[in-house]
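This is run.pdb (PDB, C-alpha atoms, pLDDT in the B column).
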ATOM      1  CA  MET Q 218      60.804  75.501  83.576  1.00 54.00           C
ATOM      2  CA  ARG Q 219      60.288  72.186  81.871  1.00 47.00           C
ATOM      3  CA  LYS Q 220      59.961  70.444  85.259  1.00 48.00           C
ATOM      4  CA  ARG Q 221      57.254  72.878  86.327  1.00 52.00           C
ATOM      5  CA  PHE Q 222      55.390  72.370  83.084  1.00 47.00           C
ATOM      6  CA  THR Q 223      55.640  68.585  83.376  1.00 49.00           C
ATOM      7  CA  LEU Q 224      54.475  68.680  87.014  1.00 46.00           C
ATOM      8  CA  ALA Q 225      51.521  70.911  86.135  1.00 47.00           C
ATOM      9  CA  ALA Q 226      50.543  68.675  83.248  1.00 47.00           C
ATOM     10  CA  ALA Q 227      50.728  65.592  85.459  1.00 46.00           C
ATOM     11  CA  MET Q 228      48.562  67.240  88.129  1.00 48.00           C
ATOM     12  CA  LEU Q 229      46.061  68.275  85.491  1.00 44.00           C
ATOM     13  CA  MET Q 230      45.880  64.750  84.087  1.00 48.00           C
ATOM     14  CA  THR Q 231      45.477  63.317  87.593  1.00 42.00           C
ATOM     15  CA  SER Q 232      42.655  65.740  88.333  1.00 47.00           C
ATOM     16  CA  ALA Q 233      40.952  64.795  85.083  1.00 44.00           C
ATOM     17  CA  LEU Q 234      41.239  61.101  85.904  1.00 41.00           C
ATOM     18  CA  PHE Q 235      39.744  61.627  89.368  1.00 42.00           C
ATOM     19  CA  ALA Q 236      36.928  63.725  87.891  1.00 44.00           C
ATOM     20  CA  SER Q 237      36.234  61.067  85.277  1.00 43.00           C
ATOM     21  CA  ALA Q 238      36.214  58.327  87.886  1.00 36.00           C
ATOM     22  CA  ALA Q 239      33.886  60.328  90.121  1.00 40.00           C
ATOM     23  CA  LEU Q 240      31.540  60.966  87.197  1.00 38.00           C
ATOM     24  CA  LYS Q 241      31.492  57.275  86.314  1.00 41.00           C
ATOM     25  CA  ALA Q 242      30.781  56.370  89.933  1.00 39.00           C
ATOM     26  CA  GLN Q 243      27.992  58.915  90.055  1.00 44.00           C
ATOM     27  CA  ASN Q 244      26.466  57.582  86.820  1.00 49.00           C
ATOM     28  CA  SER Q 245      26.867  54.057  88.109  1.00 43.00           C
ATOM     29  CA  ASN Q 246      24.972  54.920  91.287  1.00 48.00           C
ATOM     30  CA  GLU Q 247      22.207  56.620  89.328  1.00 49.00           C
ATOM     31  CA  ILE Q 248      21.827  53.678  86.975  1.00 58.00           C
ATOM     32  CA  ALA Q 249      21.849  51.248  89.882  1.00 68.00           C
ATOM     33  CA  ASN Q 250      18.902  52.970  91.546  1.00 91.00           C
ATOM     34  CA  TYR Q 251      16.183  52.149  89.085  1.00 94.00           C
ATOM     35  CA  ILE Q 252      13.246  49.822  88.619  1.00 94.00           C
ATOM     36  CA  GLU Q 253      12.460  47.992  85.380  1.00 95.00           C
ATOM     37  CA  VAL Q 254       8.925  46.872  84.655  1.00 96.00           C
ATOM     38  CA  ASP Q 255       6.968  45.378  81.769  1.00 94.00           C
ATOM     39  CA  GLY Q 256       3.711  47.000  80.716  1.00 95.00           C
ATOM     40  CA  TYR Q 257       1.018  45.132  78.836  1.00 94.00           C
ATOM     41  CA  ALA Q 258      -2.162  46.199  77.057  1.00 94.00           C
ATOM     42  CA  GLU Q 259      -4.622  44.411  74.817  1.00 93.00           C
ATOM     43  CA  GLN Q 260      -7.798  45.184  72.947  1.00 91.00           C
ATOM     44  CA  GLU Q 261     -10.207  43.440  70.604  1.00 89.00           C
ATOM     45  CA  ILE Q 262     -11.321  45.328  67.513  1.00 88.00           C
ATOM     46  CA  ALA Q 263     -13.879  44.446  64.890  1.00 86.00           C
ATOM     47  CA  PRO Q 264     -12.576  44.198  61.297  1.00 87.00           C
ATOM     48  CA  ASP Q 265     -14.049  46.869  59.053  1.00 89.00           C
ATOM     49  CA  THR Q 266     -12.551  46.059  55.652  1.00 91.00           C
ATOM     50  CA  PHE Q 267     -13.237  42.859  53.730  1.00 91.00           C
ATOM     51  CA  TYR Q 268     -11.975  41.499  50.423  1.00 92.00           C
ATOM     52  CA  LEU Q 269     -13.601  39.149  47.932  1.00 92.00           C
ATOM     53  CA  ARG Q 270     -12.012  37.711  44.827  1.00 92.00           C
ATOM     54  CA  VAL Q 271     -14.062  36.860  41.749  1.00 92.00           C
ATOM     55  CA  ASP Q 272     -12.591  34.832  38.885  1.00 90.00           C
ATOM     56  CA  ILE Q 273     -14.495  34.778  35.631  1.00 88.00           C
ATOM     57  CA  ARG Q 274     -13.831  32.541  32.599  1.00 82.00           C
ATOM     58  CA  GLU Q 275     -14.762  32.618  28.972  1.00 75.00           C
ATOM     59  CA  GLU Q 276     -15.062  29.602  26.673  1.00 63.00           C
ATOM     60  CA  ASP Q 277     -16.087  30.733  23.197  1.00 44.00           C
ATOM     61  CA  SER Q 278     -16.295  27.237  21.721  1.00 38.00           C
ATOM     62  CA  LYS Q 279     -18.970  26.159  24.199  1.00 49.00           C
ATOM     63  CA  GLY Q 280     -21.238  29.124  23.612  1.00 55.00           C
ATOM     64  CA  LYS Q 281     -20.715  30.610  27.063  1.00 68.00           C
ATOM     65  CA  LYS Q 282     -21.051  34.309  27.829  1.00 77.00           C
ATOM     66  CA  SER Q 283     -18.105  36.342  26.686  1.00 81.00           C
ATOM     67  CA  LEU Q 284     -15.678  37.751  29.191  1.00 83.00           C
ATOM     68  CA  GLU Q 285     -16.949  41.266  28.509  1.00 85.00           C
ATOM     69  CA  GLN Q 286     -20.569  40.211  29.047  1.00 87.00           C
ATOM     70  CA  GLN Q 287     -19.708  38.618  32.389  1.00 89.00           C
ATOM     71  CA  GLN Q 288     -17.757  41.672  33.474  1.00 90.00           C
ATOM     72  CA  LYS Q 289     -20.694  43.930  32.678  1.00 92.00           C
ATOM     73  CA  ALA Q 290     -23.091  41.609  34.531  1.00 92.00           C
ATOM     74  CA  MET Q 291     -20.839  41.621  37.592  1.00 94.00           C
ATOM     75  CA  ILE Q 292     -20.517  45.414  37.618  1.00 94.00           C
ATOM     76  CA  SER Q 293     -24.259  45.796  37.196  1.00 94.00           C
ATOM     77  CA  ALA Q 294     -24.927  43.423  40.120  1.00 94.00           C
ATOM     78  CA  LEU Q 295     -22.484  45.307  42.353  1.00 95.00           C
ATOM     79  CA  LYS Q 296     -23.944  48.690  41.502  1.00 95.00           C
ATOM     80  CA  ALA Q 297     -27.423  47.385  42.295  1.00 95.00           C
ATOM     81  CA  LEU Q 298     -26.204  46.778  45.847  1.00 94.00           C
ATOM     82  CA  GLY Q 299     -24.662  50.234  46.150  1.00 94.00           C
ATOM     83  CA  VAL Q 300     -21.029  49.232  45.603  1.00 95.00           C
ATOM     84  CA  ASN Q 301     -18.857  51.977  44.142  1.00 95.00           C
ATOM     85  CA  THR Q 302     -17.198  49.942  41.413  1.00 94.00           C
ATOM     86  CA  ASP Q 303     -14.877  52.794  40.433  1.00 94.00           C
ATOM     87  CA  LYS Q 304     -13.187  52.702  43.855  1.00 93.00           C
ATOM     88  CA  GLU Q 305     -13.932  49.287  45.304  1.00 94.00           C
ATOM     89  CA  LEU Q 306     -13.527  47.014  42.279  1.00 94.00           C
ATOM     90  CA  THR Q 307     -10.018  46.236  41.041  1.00 92.00           C
ATOM     91  CA  ARG Q 308      -8.987  43.973  38.197  1.00 91.00           C
ATOM     92  CA  LEU Q 309      -6.139  41.746  39.368  1.00 86.00           C
ATOM     93  CA  GLY Q 310      -5.203  40.264  36.028  1.00 65.00           C
ATOM     94  CA  LEU Q 311      -6.302  39.297  32.540  1.00 55.00           C
ATOM     95  CA  SER Q 312      -4.950  36.287  30.731  1.00 52.00           C
ATOM     96  CA  SER Q 313      -5.737  33.947  27.863  1.00 48.00           C
ATOM     97  CA  SER Q 314      -4.435  30.535  26.936  1.00 45.00           C
ATOM     98  CA  PHE Q 315      -4.925  28.235  23.965  1.00 39.00           C
ATOM     99  CA  HIS Q 316      -5.626  24.645  25.001  1.00 39.00           C
ATOM    100  CA  ASP Q 317      -6.026  23.432  21.428  1.00 39.00           C
ATOM    101  CA  ARG Q 318      -6.922  24.770  18.023  1.00 37.00           C
ATOM    102  CA  LYS Q 319     -10.678  24.653  18.669  1.00 43.00           C
ATOM    103  CA  SER Q 320     -10.797  26.162  22.144  1.00 45.00           C
ATOM    104  CA  ASN Q 321      -9.752  29.555  23.388  1.00 51.00           C
ATOM    105  CA  MET Q 322     -10.163  30.248  27.102  1.00 58.00           C
ATOM    106  CA  ALA Q 323      -9.772  33.709  28.621  1.00 77.00           C
ATOM    107  CA  GLU Q 324      -9.842  34.524  32.337  1.00 83.00           C
ATOM    108  CA  ALA Q 325      -9.954  37.625  34.501  1.00 88.00           C
ATOM    109  CA  ALA Q 326      -9.706  38.074  38.258  1.00 91.00           C
ATOM    110  CA  TYR Q 327     -11.276  40.885  40.279  1.00 94.00           C
ATOM    111  CA  GLN Q 328     -10.956  42.066  43.854  1.00 94.00           C
ATOM    112  CA  ILE Q 329     -13.908  43.665  45.627  1.00 96.00           C
ATOM    113  CA  LYS Q 330     -13.196  45.777  48.705  1.00 95.00           C
ATOM    114  CA  LEU Q 331     -16.118  46.177  51.087  1.00 94.00           C
ATOM    115  CA  ASN Q 332     -16.527  48.068  54.354  1.00 91.00           C
ATOM    116  CA  ASP Q 333     -19.487  46.174  55.770  1.00 87.00           C
ATOM    117  CA  ALA Q 334     -19.804  42.500  56.697  1.00 84.00           C
ATOM    118  CA  GLU Q 335     -23.518  42.480  55.936  1.00 86.00           C
ATOM    119  CA  LEU Q 336     -22.864  43.950  52.493  1.00 91.00           C
ATOM    120  CA  LEU Q 337     -20.197  41.328  51.954  1.00 90.00           C
ATOM    121  CA  ALA Q 338     -22.792  38.589  52.452  1.00 88.00           C
ATOM    122  CA  LYS Q 339     -25.235  40.310  50.103  1.00 91.00           C
ATOM    123  CA  VAL Q 340     -22.610  40.778  47.393  1.00 94.00           C
ATOM    124  CA  TRP Q 341     -21.491  37.178  47.637  1.00 91.00           C
ATOM    125  CA  GLN Q 342     -25.076  35.907  47.425  1.00 90.00           C
ATOM    126  CA  LYS Q 343     -25.953  38.256  44.559  1.00 93.00           C
ATOM    127  CA  LEU Q 344     -22.980  37.179  42.488  1.00 93.00           C
ATOM    128  CA  ASP Q 345     -23.757  33.542  43.166  1.00 90.00           C
ATOM    129  CA  ASP Q 346     -27.327  34.106  41.988  1.00 90.00           C
ATOM    130  CA  GLU Q 347     -25.963  35.695  38.824  1.00 89.00           C
ATOM    131  CA  GLY Q 348     -23.989  32.554  38.057  1.00 87.00           C
ATOM    132  CA  PHE Q 349     -20.540  33.539  39.326  1.00 89.00           C
ATOM    133  CA  SER Q 350     -19.303  30.362  40.986  1.00 83.00           C
ATOM    134  CA  ARG Q 351     -15.625  31.162  41.416  1.00 88.00           C
ATOM    135  CA  ILE Q 352     -15.894  33.494  44.411  1.00 90.00           C
ATOM    136  CA  SER Q 353     -13.495  33.411  47.343  1.00 87.00           C
ATOM    137  CA  PHE Q 354     -13.029  35.368  50.534  1.00 86.00           C
ATOM    138  CA  THR Q 355      -9.418  36.487  50.894  1.00 85.00           C
ATOM    139  CA  LYS Q 356      -8.998  38.554  54.077  1.00 84.00           C
ATOM    140  CA  ALA Q 357     -10.402  40.952  56.657  1.00 85.00           C
ATOM    141  CA  GLU Q 358      -8.561  43.984  58.027  1.00 86.00           C
ATOM    142  CA  TYR Q 359      -8.921  46.951  60.344  1.00 88.00           C
ATOM    143  CA  SER Q 360      -8.466  50.194  58.398  1.00 89.00           C
ATOM    144  CA  LYS Q 361      -6.789  52.189  61.214  1.00 91.00           C
ATOM    145  CA  LEU Q 362      -4.495  49.464  62.461  1.00 88.00           C
ATOM    146  CA  GLU Q 363      -1.340  51.585  62.903  1.00 89.00           C
ATOM    147  CA  GLU Q 364      -3.228  54.191  64.940  1.00 92.00           C
ATOM    148  CA  LYS Q 365      -4.587  51.429  67.155  1.00 92.00           C
ATOM    149  CA  LYS Q 366      -1.108  49.960  67.621  1.00 90.00           C
ATOM    150  CA  ASN Q 367       0.219  53.330  68.792  1.00 92.00           C
ATOM    151  CA  GLU Q 368      -2.665  53.668  71.236  1.00 93.00           C
ATOM    152  CA  LEU Q 369      -1.886  50.247  72.673  1.00 93.00           C
ATOM    153  CA  ARG Q 370       1.806  51.090  73.071  1.00 92.00           C
ATOM    154  CA  GLN Q 371       0.857  54.220  75.001  1.00 94.00           C
ATOM    155  CA  GLN Q 372      -1.533  52.289  77.235  1.00 95.00           C
ATOM    156  CA  ALA Q 373       1.125  49.643  77.877  1.00 95.00           C
ATOM    157  CA  LEU Q 374       3.543  52.387  78.985  1.00 95.00           C
ATOM    158  CA  ILE Q 375       0.921  53.891  81.306  1.00 96.00           C
ATOM    159  CA  ASN Q 376       0.381  50.434  82.799  1.00 96.00           C
ATOM    160  CA  ALA Q 377       4.141  50.015  83.247  1.00 96.00           C
ATOM    161  CA  LYS Q 378       4.325  53.300  85.155  1.00 96.00           C
ATOM    162  CA  SER Q 379       1.460  52.243  87.429  1.00 96.00           C
ATOM    163  CA  GLN Q 380       3.252  49.002  88.226  1.00 96.00           C
ATOM    164  CA  ALA Q 381       6.495  50.826  88.954  1.00 96.00           C
ATOM    165  CA  GLU Q 382       4.724  53.245  91.293  1.00 97.00           C
ATOM    166  CA  ALA Q 383       3.049  50.415  93.181  1.00 96.00           C
ATOM    167  CA  MET Q 384       6.278  48.462  93.584  1.00 95.00           C
ATOM    168  CA  ALA Q 385       8.243  51.529  94.698  1.00 95.00           C
ATOM    169  CA  LYS Q 386       5.570  52.405  97.248  1.00 95.00           C
ATOM    170  CA  ALA Q 387       5.842  48.912  98.734  1.00 95.00           C
ATOM    171  CA  ILE Q 388       9.445  49.645  99.747  1.00 93.00           C
ATOM    172  CA  GLY Q 389       8.798  53.211 100.874  1.00 94.00           C
ATOM    173  CA  GLN Q 390      10.144  54.892  97.745  1.00 95.00           C
ATOM    174  CA  LYS Q 391       8.787  56.604  94.695  1.00 95.00           C
ATOM    175  CA  ILE Q 392       9.731  56.680  91.046  1.00 96.00           C
ATOM    176  CA  GLY Q 393      11.314  59.538  89.173  1.00 95.00           C
ATOM    177  CA  LYS Q 394      11.817  60.073  85.488  1.00 94.00           C
ATOM    178  CA  CYS Q 395      11.668  57.278  82.980  1.00 94.00           C
ATOM    179  CA  PHE Q 396      15.099  57.061  81.341  1.00 93.00           C
ATOM    180  CA  ARG Q 397      14.676  54.076  79.037  1.00 93.00           C
ATOM    181  CA  ILE Q 398      11.759  52.696  77.034  1.00 93.00           C
ATOM    182  CA  ASN Q 399      11.771  49.606  74.897  1.00 89.00           C
ATOM    183  CA  SER Q 400       9.434  50.326  71.983  1.00 78.00           C
ATOM    184  CA  GLY Q 401       7.904  46.934  72.572  1.00 73.00           C
ATOM    185  CA  TYR Q 402       6.057  44.378  70.521  1.00 75.00           C
ATOM    186  CA  VAL Q 403       2.572  44.699  69.090  1.00 81.00           C
ATOM    187  CA  SER Q 404       0.950  41.498  67.884  1.00 79.00           C
ATOM    188  CA  ASN Q 405      -0.195  41.297  64.293  1.00 72.00           C
ATOM    189  CA  PRO Q 406      -3.894  40.761  63.595  1.00 66.00           C
ATOM    190  CA  VAL Q 407      -5.213  37.452  62.387  1.00 57.00           C
ATOM    191  CA  ILE Q 408      -5.559  37.146  58.627  1.00 54.00           C
ATOM    192  CA  TYR Q 409      -8.736  35.204  58.023  1.00 54.00           C
ATOM    193  CA  SER Q 410      -8.490  32.076  55.957  1.00 44.00           C
ATOM    194  CA  GLN Q 411     -10.222  31.596  52.644  1.00 41.00           C
ATOM    195  CA  ALA Q 412     -13.891  30.623  52.536  1.00 41.00           C
ATOM    196  CA  ARG Q 413     -16.251  29.582  49.751  1.00 40.00           C
ATOM    197  CA  LEU Q 414     -19.879  30.011  48.917  1.00 37.00           C
ATOM    198  CA  MET Q 415     -21.370  26.697  47.877  1.00 35.00           C
ATOM    199  CA  SER Q 416     -24.994  25.833  47.153  1.00 33.00           C
ATOM    200  CA  LYS Q 417     -26.031  29.306  48.300  1.00 38.00           C
ATOM    201  CA  SER Q 418     -24.796  28.667  51.850  1.00 41.00           C
ATOM    202  CA  PHE Q 419     -21.548  29.806  53.381  1.00 43.00           C
ATOM    203  CA  GLU Q 420     -18.849  27.285  54.152  1.00 44.00           C
ATOM    204  CA  VAL Q 421     -16.452  29.114  56.441  1.00 42.00           C
ATOM    205  CA  ASP Q 422     -13.749  28.713  59.030  1.00 43.00           C
ATOM    206  CA  SER Q 423     -15.643  28.379  62.320  1.00 37.00           C
ATOM    207  CA  PHE Q 424     -12.844  30.044  64.240  1.00 37.00           C
ATOM    208  CA  ASN Q 425     -13.050  33.224  62.246  1.00 46.00           C
ATOM    209  CA  MET Q 426     -16.521  33.776  60.870  1.00 45.00           C
ATOM    210  CA  ALA Q 427     -19.905  32.110  60.697  1.00 44.00           C
ATOM    211  CA  GLU Q 428     -23.187  32.482  58.868  1.00 43.00           C
ATOM    212  CA  THR Q 429     -25.807  34.113  61.068  1.00 42.00           C
ATOM    213  CA  GLU Q 430     -29.145  32.328  61.250  1.00 41.00           C
ATOM    214  CA  GLU Q 431     -31.259  35.471  61.399  1.00 41.00           C
ATOM    215  CA  SER Q 432     -29.932  37.540  58.516  1.00 40.00           C
ATOM    216  CA  GLY Q 433     -27.982  34.987  56.501  1.00 46.00           C
ATOM    217  CA  GLY Q 434     -24.992  37.328  56.683  1.00 54.00           C
ATOM    218  CA  ILE Q 435     -21.490  36.733  57.981  1.00 64.00           C
ATOM    219  CA  MET Q 436     -20.347  37.482  61.510  1.00 66.00           C
ATOM    220  CA  PHE Q 437     -16.603  37.924  62.048  1.00 72.00           C
ATOM    221  CA  ASN Q 438     -14.697  37.346  65.237  1.00 74.00           C
ATOM    222  CA  ASN Q 439     -12.866  40.376  66.588  1.00 80.00           C
ATOM    223  CA  ILE Q 440      -9.181  40.935  65.903  1.00 81.00           C
ATOM    224  CA  LYS Q 441      -7.138  40.735  69.111  1.00 85.00           C
ATOM    225  CA  LEU Q 442      -4.175  43.100  69.458  1.00 89.00           C
ATOM    226  CA  SER Q 443      -1.683  43.211  72.317  1.00 91.00           C
ATOM    227  CA  ALA Q 444       1.357  45.351  73.140  1.00 92.00           C
ATOM    228  CA  ASN Q 445       4.318  44.851  75.473  1.00 93.00           C
ATOM    229  CA  ILE Q 446       6.549  47.687  76.705  1.00 93.00           C
ATOM    230  CA  THR Q 447       9.648  47.539  78.950  1.00 95.00           C
ATOM    231  CA  ALA Q 448      10.472  50.739  80.843  1.00 96.00           C
ATOM    232  CA  ARG Q 449      13.030  51.834  83.435  1.00 95.00           C
ATOM    233  CA  PHE Q 450      12.265  54.456  86.085  1.00 96.00           C
ATOM    234  CA  ILE Q 451      14.644  56.115  88.543  1.00 95.00           C
ATOM    235  CA  LEU Q 452      14.029  55.152  92.172  1.00 95.00           C
ATOM    236  CA  GLU Q 453      13.993  58.085  94.579  1.00 92.00           C
TER     237      GLU Q 453
END
I need this file expressed as structure tokens, please.
Amino acid sequence: MRKRFTLAAAMLMTSALFASAALKAQNSNEIANYIEVDGYAEQEIAPDTFYLRVDIREEDSKGKKSLEQQQKAMISALKALGVNTDKELTRLGLSSSFHDRKSNMAEAAYQIKLNDAELLAKVWQKLDDEGFSRISFTKAEYSKLEEKKNELRQQALINAKSQAEAMAKAIGQKIGKCFRINSGYVSNPVIYSQARLMSKSFEVDSFNMAETEESGGIMFNNIKLSANITARFILE
């Protein structure tokens, strides 16, 4: 009885080993018959969000305008240009330091978020006219960047499939299902370098933005995005 049980168990184990080996061979054949391609997509997009920084300073001992007066003047100038100061103006910090017993200097920094390059130029010029000399451009962005990245990934995958189909056709085959996708790499947009407004004319990085002769505004170069996807398709 024990011999029969042992023999049956051995046969069962042998059958399982053969089945496992056959399954591995089958999977190996399926994996071997595939084509791997790289898909690429790129697009240039215009930045639609711009940031300015304004630093204001108060020196009571020299009879300058108080910090509060300068803040009110800045807000008034922005509102005159249609800027929603409740949403688009942010105070970055407020500090004061004592240099000596006779002088007390207080400073405040503000960030202005704008959605129009032409308005950016007008705001910068207006603040300069109002006597705000410590103005700097910090960066430009695209507000729907993540959505655009996803679109590029999808386009890169479509391009990869087209390449796979063309290559398979060249050898008299066709592609089946895609069984592996590398999520790929999407390039990060350029962060524009700082610029300054001096003597009522823009001094800027020529690679990123330039003053236009007609309107006196600022023209930004487009942001270039690219995506790479690696995909594997079954060959039939």
> Which residues, written as a ChimeraX atom specification, have at least one atom at most 10 Å from Asn301 in chain Q, with only C-alpha atoms counted and residues fewer than 3 positions away on the same chain left out?
Replying inline: /Q:292,295-298,304-306,329-331
Selected residues written out, C-alpha atoms, as a PDB file, keeping the file's coordinate frame:
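Output below, filename result02.pdb:
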ATOM      1  CA  ILE Q 292     -20.517  45.414  37.618  1.00 94.00           C
ATOM      2  CA  LEU Q 295     -22.484  45.307  42.353  1.00 95.00           C
ATOM      3  CA  LYS Q 296     -23.944  48.690  41.502  1.00 95.00           C
ATOM      4  CA  ALA Q 297     -27.423  47.385  42.295  1.00 95.00           C
ATOM      5  CA  LEU Q 298     -26.204  46.778  45.847  1.00 94.00           C
ATOM      6  CA  LYS Q 304     -13.187  52.702  43.855  1.00 93.00           C
ATOM      7  CA  GLU Q 305     -13.932  49.287  45.304  1.00 94.00           C
ATOM      8  CA  LEU Q 306     -13.527  47.014  42.279  1.00 94.00           C
ATOM      9  CA  ILE Q 329     -13.908  43.665  45.627  1.00 96.00           C
ATOM     10  CA  LYS Q 330     -13.196  45.777  48.705  1.00 95.00           C
ATOM     11  CA  LEU Q 331     -16.118  46.177  51.087  1.00 94.00           C
TER      12      LEU Q 331
END
I'd like the contact shell of Thr307 in chain Q - 10 Å cut-off, only C-alpha atoms, skipping same-chain residues fewer than 5 positions apart - returned as a compact mmCIF listing (two decimals) with C-alpha atoms, in the frame of the given file.
# COMPACT_ATOMS: atom_id res chain seq x y z
CA ARG Q 270 -12.01 37.71 44.83
CA THR Q 302 -17.20 49.94 41.41
CA ALA Q 326 -9.71 38.07 38.26
CA TYR Q 327 -11.28 40.88 40.28
CA GLN Q 328 -10.96 42.07 43.85
CA ILE Q 329 -13.91 43.66 45.63
CA LYS Q 330 -13.20 45.78 48.70
If the box runs along x, y and z of the file and leaves 3 Å on each side of range 441-446 of chain Q, what are its centre and edge lengths in Å, one decimal, as lines of an AutoDock Vina configuration file?
center_x = -0.3
center_y = 44.2
center_z = 72.9
size_x = 19.7
size_y = 13.0
size_z = 13.6
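Separating CA of Arg274 in chain Q from CA of Glu358 in chain Q is a distance of 28.4 Å.
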Output as CSV one row per residue of range 340-378 of chain Q within 12 Å of range 383-399 of chain Q: the closest atom pair and its distance in Å to one decimal place, counting only C-alpha atoms, sorted by chain and residue number ascending.
residue,atom,partner,partner_atom,distance
Q:Arg370,CA,Q:Asn399,CA,10.2
Q:Gln371,CA,Q:Ile398,CA,11.2
Q:Ala373,CA,Q:Asn399,CA,11.1
Q:Leu374,CA,Q:Ile398,CA,8.5
Q:Ile375,CA,Q:Cys395,CA,11.4
Q:Asn376,CA,Q:Ala383,CA,10.7
Q:Ala377,CA,Q:Ala383,CA,10.0
Q:Lys378,CA,Q:Ala383,CA,8.6
> Can you tell me how far CA of Lys282 in chain Q sits from CA of Phe354 in chain Q, in Å to one decimal?
Replying inline: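 The value is 24.1 Å.
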